[in-house]
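Student: Once you've had a glance at the structure underneath, I'll fire off some questions.
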Amino acid sequence: MLPASLASKQIHGLPATAFYISDFISEEEEERILQRVKAAPKPRWKQLSHRRLQTWPSGLLHDKLLDAPLPSWLVEPVITRLLSIPVHLPTKGANKDDQCENIFFNSPHQRPNHVLINEYPPGVGIMPHKDGSAYHPVVCTVSLGASLCLNIYKNDDSGALHPEPVARILQEPRSLLIITDTIYTDYLHGIADVEQDVDLLPSTVANWDLLRSKDLFASGQNSRQTRVSLTYRDVIKVSKLGNRLGLFKRP
Ligand SMILES: O=C(O)CCC(=O)C(=O)O
């Protein structure tokens with residue numbers, strides 16, 4: 001069941017602003033998307049040292065995306081559903097259009113146009129990083145297959161990374177995490193290279209109250225299994241060249 005607005009799903013106790021919806025897609029939808037990810041032809045995968053990833057519709061060139069549609073299995077149900085959720089509940093007397101603004105209402109294309117698919121086997125994470133200025137500062141992550149913790153980091157005054165995360169967000173399979181505003185622009189995020197997330201407690205997991213299956217983490221531990229993430233973003237600069245050459249048709 002989708003929330004009436006994102007406001008009820010805000011992760012409090014974090015820098016502004018992050019939202020977590022534990023049951024964003026169903027088990028059937030999760031399975032269908034995982035099948036499409038697995039069915040992608042081998043050249044779609046970019047193999048990094050421990051992790052592999054797919055980039056849809058294509059990688060960026062000098063921070064620019066060649067205009068091309070996303071495949072329908074990345075649009076339905078995720079983008080349609082995402083755009084259907086207003087950020088705030090309507091307030092009495094407000095203009096109707098203002099009441100229904102979703103999280104992409106002020107992004108250049110009013111919707112995500114780019115998806116990264118990352119696959120993390122147990123023990124594999126991603127270094128702390130910022131997503132950077134090629135994207136409008138909203139990133140929406142759908143998690144598939146398994147749970148893990150996303151760590152949030154801050155640079156100290158000299159610009160060096162403070163090694164201890166300032167917060168942790170536990171992402172369950174089928175959940176949606178939205179990161180925007182200061183937490184997007186001023187903080188870094190990363191995933192530790194561990195086989196187990198430990199010390200999981202209401203006091204150490206920022207989104208504990210919003211979790212679907214707190215009981216699964218009652219031992220304070222999460223044994224990692226292979227987790228796939230879909231990260232949706234709006235790339236600011238889009239080149240129409242791909243369209244003019246007729247290079248891309250919706251797969
Ligand atoms: O898999 C995730 O949740 C994070 C992915 C990520 O940090 C990225 O794509 O930049």
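Chains: A, B, ... in order of the structure tokens. Residues: from 1 per chain. Ligands: from 1, in order shown.
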Would you pick out the contacts of region 112-117 of chain A at 9 Å or less, using only C-alpha atoms, so that residues sharing its chain but fewer than 2 positions from it are not included, and give the list as a PyMOL selection string?

Tutor: chain A and resi 37+52-59+65+67-70+74+79+104+107+109-110+119+139-140+228-235

Student: Residues as selected, N, CA, C and O atoms, written as a tab-separated table (two decimals), in the first residue's frame, can you do that?

Tutor:
```
chain	number	residue	atom	x	y	z
A	37	VAL	N	16.83	-8.15	-15.30
A	37	VAL	CA	18.23	-7.78	-15.03
A	37	VAL	C	19.13	-8.96	-15.43
A	37	VAL	O	20.14	-8.79	-16.12
A	52	ARG	N	29.37	-5.74	-10.33
A	52	ARG	CA	29.10	-5.45	-11.74
A	52	ARG	C	27.88	-4.56	-11.84
A	52	ARG	O	27.04	-4.54	-10.94
A	53	LEU	N	27.80	-3.82	-12.94
A	53	LEU	CA	26.68	-2.89	-13.08
A	53	LEU	C	26.20	-2.76	-14.52
A	53	LEU	O	26.96	-3.00	-15.46
A	54	GLN	N	24.92	-2.40	-14.64
A	54	GLN	CA	24.34	-2.06	-15.94
A	54	GLN	C	23.94	-0.60	-15.91
A	54	GLN	O	23.55	-0.09	-14.86
A	55	THR	N	24.03	0.06	-17.04
A	55	THR	CA	23.67	1.48	-17.14
A	55	THR	C	22.61	1.63	-18.23
A	55	THR	O	22.84	1.22	-19.37
A	56	TRP	N	21.47	2.19	-17.86
A	56	TRP	CA	20.34	2.35	-18.81
A	56	TRP	C	19.93	3.81	-18.92
A	56	TRP	O	19.86	4.46	-17.89
A	57	PRO	N	19.63	4.37	-20.08
A	57	PRO	CA	19.73	3.72	-21.38
A	57	PRO	C	21.18	3.59	-21.85
A	57	PRO	O	21.47	2.80	-22.73
A	58	SER	N	22.10	4.38	-21.25
A	58	SER	CA	23.52	4.31	-21.64
A	58	SER	C	24.33	5.08	-20.61
A	58	SER	O	23.76	5.78	-19.76
A	59	GLY	N	25.66	4.98	-20.71
A	59	GLY	CA	26.52	5.77	-19.82
A	59	GLY	C	26.51	7.24	-20.22
A	59	GLY	O	25.98	7.61	-21.27
A	65	LEU	N	23.79	12.83	-21.27
A	65	LEU	CA	23.11	11.59	-21.65
A	65	LEU	C	22.62	11.72	-23.08
A	65	LEU	O	22.06	12.76	-23.45
A	67	ASP	N	19.92	11.18	-25.59
A	67	ASP	CA	18.49	11.01	-25.39
A	67	ASP	C	18.04	9.65	-25.91
A	67	ASP	O	18.24	9.32	-27.08
A	68	ALA	N	17.44	8.88	-25.03
A	68	ALA	CA	16.91	7.58	-25.41
A	68	ALA	C	15.94	7.14	-24.32
A	68	ALA	O	16.13	7.49	-23.16
A	69	PRO	N	14.90	6.40	-24.70
A	69	PRO	CA	13.93	5.98	-23.69
A	69	PRO	C	14.50	4.88	-22.79
A	69	PRO	O	15.36	4.10	-23.21
A	70	LEU	N	14.00	4.83	-21.56
A	70	LEU	CA	14.31	3.69	-20.69
A	70	LEU	C	13.45	2.51	-21.14
A	70	LEU	O	12.33	2.71	-21.62
A	74	LEU	N	11.83	-0.88	-16.74
A	74	LEU	CA	12.39	0.03	-15.74
A	74	LEU	C	11.44	1.20	-15.45
A	74	LEU	O	11.64	1.96	-14.51
A	79	ILE	N	8.74	3.94	-12.04
A	79	ILE	CA	8.66	5.39	-12.26
A	79	ILE	C	7.21	5.88	-12.12
A	79	ILE	O	6.94	6.90	-11.48
A	104	PHE	N	10.04	14.68	-8.25
A	104	PHE	CA	10.76	15.19	-9.44
A	104	PHE	C	10.12	16.46	-10.01
A	104	PHE	O	10.43	16.84	-11.13
A	107	SER	N	12.67	18.93	-11.28
A	107	SER	CA	13.86	18.44	-11.99
A	107	SER	C	13.71	18.79	-13.48
A	107	SER	O	12.59	19.00	-13.96
A	109	HIS	N	13.61	17.27	-16.28
A	109	HIS	CA	12.71	16.50	-17.15
A	109	HIS	C	11.49	15.97	-16.40
A	109	HIS	O	10.74	15.15	-16.93
A	110	GLN	N	11.35	16.43	-15.16
A	110	GLN	CA	10.22	16.05	-14.30
A	110	GLN	C	10.07	14.55	-14.10
A	110	GLN	O	9.01	14.06	-13.72
A	119	GLU	N	24.97	-4.79	-8.73
A	119	GLU	CA	24.80	-6.09	-8.08
A	119	GLU	C	25.90	-6.26	-7.04
A	119	GLU	O	27.08	-6.12	-7.37
A	139	VAL	N	18.03	11.10	-5.76
A	139	VAL	CA	18.32	9.73	-6.20
A	139	VAL	C	17.34	8.79	-5.51
A	139	VAL	O	17.13	8.88	-4.30
A	140	CYS	N	16.72	7.94	-6.32
A	140	CYS	CA	15.70	7.01	-5.82
A	140	CYS	C	16.22	5.60	-6.02
A	140	CYS	O	16.52	5.20	-7.15
A	228	VAL	N	20.57	-6.51	-5.43
A	228	VAL	CA	20.62	-5.72	-6.67
A	228	VAL	C	19.93	-4.39	-6.36
A	228	VAL	O	18.88	-4.38	-5.73
A	229	SER	N	20.54	-3.30	-6.78
A	229	SER	CA	19.87	-2.01	-6.59
A	229	SER	C	19.64	-1.34	-7.94
A	229	SER	O	20.46	-1.46	-8.86
A	230	LEU	N	18.51	-0.64	-8.03
A	230	LEU	CA	18.22	0.20	-9.20
A	230	LEU	C	18.25	1.63	-8.70
A	230	LEU	O	17.48	1.98	-7.80
A	231	THR	N	19.14	2.45	-9.23
A	231	THR	CA	19.16	3.86	-8.80
A	231	THR	C	18.68	4.73	-9.95
A	231	THR	O	19.27	4.75	-11.04
A	232	TYR	N	17.60	5.45	-9.68
A	232	TYR	CA	16.93	6.29	-10.67
A	232	TYR	C	17.33	7.74	-10.46
A	232	TYR	O	17.23	8.26	-9.34
A	233	ARG	N	17.75	8.41	-11.56
A	233	ARG	CA	18.13	9.82	-11.46
A	233	ARG	C	17.69	10.55	-12.73
A	233	ARG	O	17.46	9.93	-13.77
A	234	ASP	N	17.66	11.89	-12.64
A	234	ASP	CA	17.41	12.73	-13.82
A	234	ASP	C	18.74	13.38	-14.21
A	234	ASP	O	19.25	14.24	-13.47
A	235	VAL	N	19.30	12.95	-15.34
A	235	VAL	CA	20.53	13.57	-15.84
A	235	VAL	C	20.14	14.93	-16.41
A	235	VAL	O	19.22	15.03	-17.23
```

Student: Per DSSP on the backbone, filter region 36-220 of chain A down to the residues in strand (DSSP E or B) and report them as JSON, numbers by chain.

Tutor: {"A": [45, 46, 47, 52, 53, 54, 55, 56, 61, 64, 65, 66, 114, 115, 116, 117, 118, 119, 120, 126, 127, 128, 129, 135, 138, 139, 140, 141, 142, 143, 144, 148, 149, 150, 151, 152, 153, 155, 161, 167, 168, 169, 170, 171, 176, 177, 178, 179, 180, 188, 189, 190, 191, 196, 197]}

Student: Which one of A:Asp209, A:Glu164, A:Glu172, A:Asp199 sits closest to ligand 1 if you count only C-alpha atoms and all ligand atoms?

Tutor: A:Glu172

Student: Work out how far CA of Ile152 (chain A) is from CA of Val166 (chain A), in Å to one decimal.

Tutor: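 Calculated distance between CA of Val166 (chain A) and CA of Ile152 (chain A) is 5.7 Å.
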
Student: Can you build me a table of region 191-250 of chain A residues sitting at most 7 Å from region 2-20 of chain A, with the closest atom pair per residue and its distance in Å to one decimal, using only C-alpha atoms, sorted by chain and residue number, as a tab-separated table?

Tutor:
```
residue	atom	partner	partner_atom	distance
A:Ala206	CA	A:Gly13	CA	6.5
A:Asn207	CA	A:Ile11	CA	5.5
A:Leu210	CA	A:Tyr20	CA	6.8
```

Student: Mind dumping the selected residues with all heavy atoms as a compact mmCIF listing (two decimals), in the first residue's frame?

Tutor:
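Everything below was put into again_11.txt:
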```txt
# COMPACT_ATOMS: atom_id res chain seq x y z
N ALA A 206 18.93 4.60 11.18
CA ALA A 206 18.13 5.84 11.11
C ALA A 206 16.67 5.58 10.76
O ALA A 206 15.78 6.28 11.22
CB ALA A 206 18.77 6.81 10.12
N ASN A 207 16.43 4.57 9.90
CA ASN A 207 15.05 4.31 9.44
C ASN A 207 14.40 3.13 10.17
O ASN A 207 13.46 2.52 9.64
CB ASN A 207 15.05 4.06 7.93
CG ASN A 207 15.91 2.87 7.52
OD1 ASN A 207 16.95 2.63 8.13
ND2 ASN A 207 15.51 2.15 6.50
N LEU A 210 10.70 2.74 10.26
CA LEU A 210 10.01 2.59 8.97
C LEU A 210 10.25 1.21 8.34
O LEU A 210 9.75 0.93 7.24
CB LEU A 210 10.50 3.68 7.99
CG LEU A 210 10.17 5.12 8.40
CD1 LEU A 210 10.92 6.11 7.51
CD2 LEU A 210 8.67 5.39 8.31
```

Student: Choose the residue, out of A:His189, A:Arg81, A:Lys42, A:Arg168, that has the smallest atom-to-atom separation from His129 (chain A); count only C-alpha atoms.

Tutor: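 Closest candidate: A:His189.
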
Student: Please return as a PDB file with C-alpha atoms, in the first residue's frame: the residues of region 75-182 of chain A that backbone DSSP assigns to helix (DSSP H, G or I).

Tutor:
```
ATOM      1  CA  VAL A  75       9.466   2.436 -16.128  1.00  0.00           C
ATOM      2  CA  VAL A  78       8.751   1.994 -10.523  1.00  0.00           C
ATOM      3  CA  ILE A  79       8.657   5.391 -12.261  1.00  0.00           C
ATOM      4  CA  THR A  80       4.891   5.531 -12.633  1.00  0.00           C
ATOM      5  CA  ARG A  81       4.434   4.716  -8.959  1.00  0.00           C
ATOM      6  CA  LEU A  82       7.158   7.110  -7.839  1.00  0.00           C
ATOM      7  CA  LEU A  83       5.596   9.998  -9.747  1.00  0.00           C
ATOM      8  CA  LYS A  96      -4.682  21.907  -6.809  1.00  0.00           C
ATOM      9  CA  ASP A  97      -1.518  21.653  -8.950  1.00  0.00           C
ATOM     10  CA  ASP A  98       0.690  22.528  -5.997  1.00  0.00           C
ATOM     11  CA  GLN A  99      -0.925  19.777  -3.994  1.00  0.00           C
ATOM     12  CA  ASP A 181      18.550  18.172  -0.564  1.00  0.00           C
ATOM     13  CA  THR A 182      21.550  18.505   1.795  1.00  0.00           C
TER      14      THR A 182
END
```

Student: Between CA of Asp193 (chain A) and CA of Cys149 (chain A), what is the distance in Å, rounded to a tenth?

Tutor: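 Atom-to-atom, CA of Asp193 (chain A) to CA of Cys149 (chain A), that is 10.6 Å.
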
Student: For region 30-35 of chain A, list every protein, DNA or RNA residue within 7 Å, evaluated using only C-alpha atoms, and leave out those in the same chain fewer than 4 positions away; present the list as a list in words.

Tutor: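 What passes the distance filter is Ile25, Ser26, Ala39, Trp73, Leu144 and Arg174 of chain A.
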
Student: With all heavy atoms retained, could you export that selection as a compact mmCIF listing (two decimals), in the first residue's frame?

Tutor:
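File written: part-v3.txt
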```txt
# COMPACT_ATOMS: atom_id res chain seq x y z
N ILE A 25 7.45 -2.12 -3.96
CA ILE A 25 7.00 -3.04 -5.01
C ILE A 25 6.64 -4.39 -4.37
O ILE A 25 7.08 -4.69 -3.26
CB ILE A 25 8.04 -3.23 -6.14
CG1 ILE A 25 9.37 -3.76 -5.60
CG2 ILE A 25 8.26 -1.94 -6.92
CD1 ILE A 25 10.33 -4.21 -6.69
N SER A 26 5.89 -5.18 -5.12
CA SER A 26 5.46 -6.49 -4.60
C SER A 26 6.54 -7.54 -4.89
O SER A 26 7.47 -7.30 -5.67
CB SER A 26 4.15 -6.92 -5.28
OG SER A 26 4.42 -7.18 -6.66
N ALA A 39 18.44 -11.33 -17.51
CA ALA A 39 18.34 -11.68 -18.94
C ALA A 39 19.11 -10.71 -19.84
O ALA A 39 19.21 -10.93 -21.04
CB ALA A 39 16.87 -11.70 -19.34
N TRP A 73 10.39 -2.08 -18.72
CA TRP A 73 10.46 -2.80 -17.43
C TRP A 73 11.15 -1.97 -16.34
O TRP A 73 11.05 -2.28 -15.15
CB TRP A 73 11.14 -4.17 -17.59
CG TRP A 73 12.52 -4.15 -18.17
CD1 TRP A 73 12.85 -4.19 -19.49
CD2 TRP A 73 13.76 -4.12 -17.44
NE1 TRP A 73 14.22 -4.16 -19.63
CE2 TRP A 73 14.80 -4.14 -18.39
CE3 TRP A 73 14.10 -4.09 -16.09
CZ2 TRP A 73 16.15 -4.12 -18.04
CZ3 TRP A 73 15.44 -4.07 -15.73
CH2 TRP A 73 16.45 -4.08 -16.69
N LEU A 144 16.52 -4.90 -4.38
CA LEU A 144 15.96 -6.19 -4.78
C LEU A 144 16.80 -7.33 -4.20
O LEU A 144 18.04 -7.22 -4.16
CB LEU A 144 15.96 -6.34 -6.31
CG LEU A 144 15.33 -5.21 -7.14
CD1 LEU A 144 15.59 -5.44 -8.62
CD2 LEU A 144 13.84 -5.11 -6.88
N ARG A 174 12.66 -4.77 -1.97
CA ARG A 174 11.39 -4.18 -2.42
C ARG A 174 11.15 -2.78 -1.88
O ARG A 174 10.09 -2.21 -2.07
CB ARG A 174 10.18 -5.09 -2.12
CG ARG A 174 10.33 -6.48 -2.72
CD ARG A 174 9.12 -7.33 -2.53
NE ARG A 174 8.87 -7.73 -1.15
CZ ARG A 174 9.58 -8.63 -0.48
NH1 ARG A 174 10.60 -9.24 -1.09
NH2 ARG A 174 9.29 -8.93 0.76
```

Student: Have a look at A:Gly123, A:Pro77, A:Arg227, A:Gln171 and name the one nearest to Lys214 (chain A); count only C-alpha atoms.

Tutor: A:Gln171
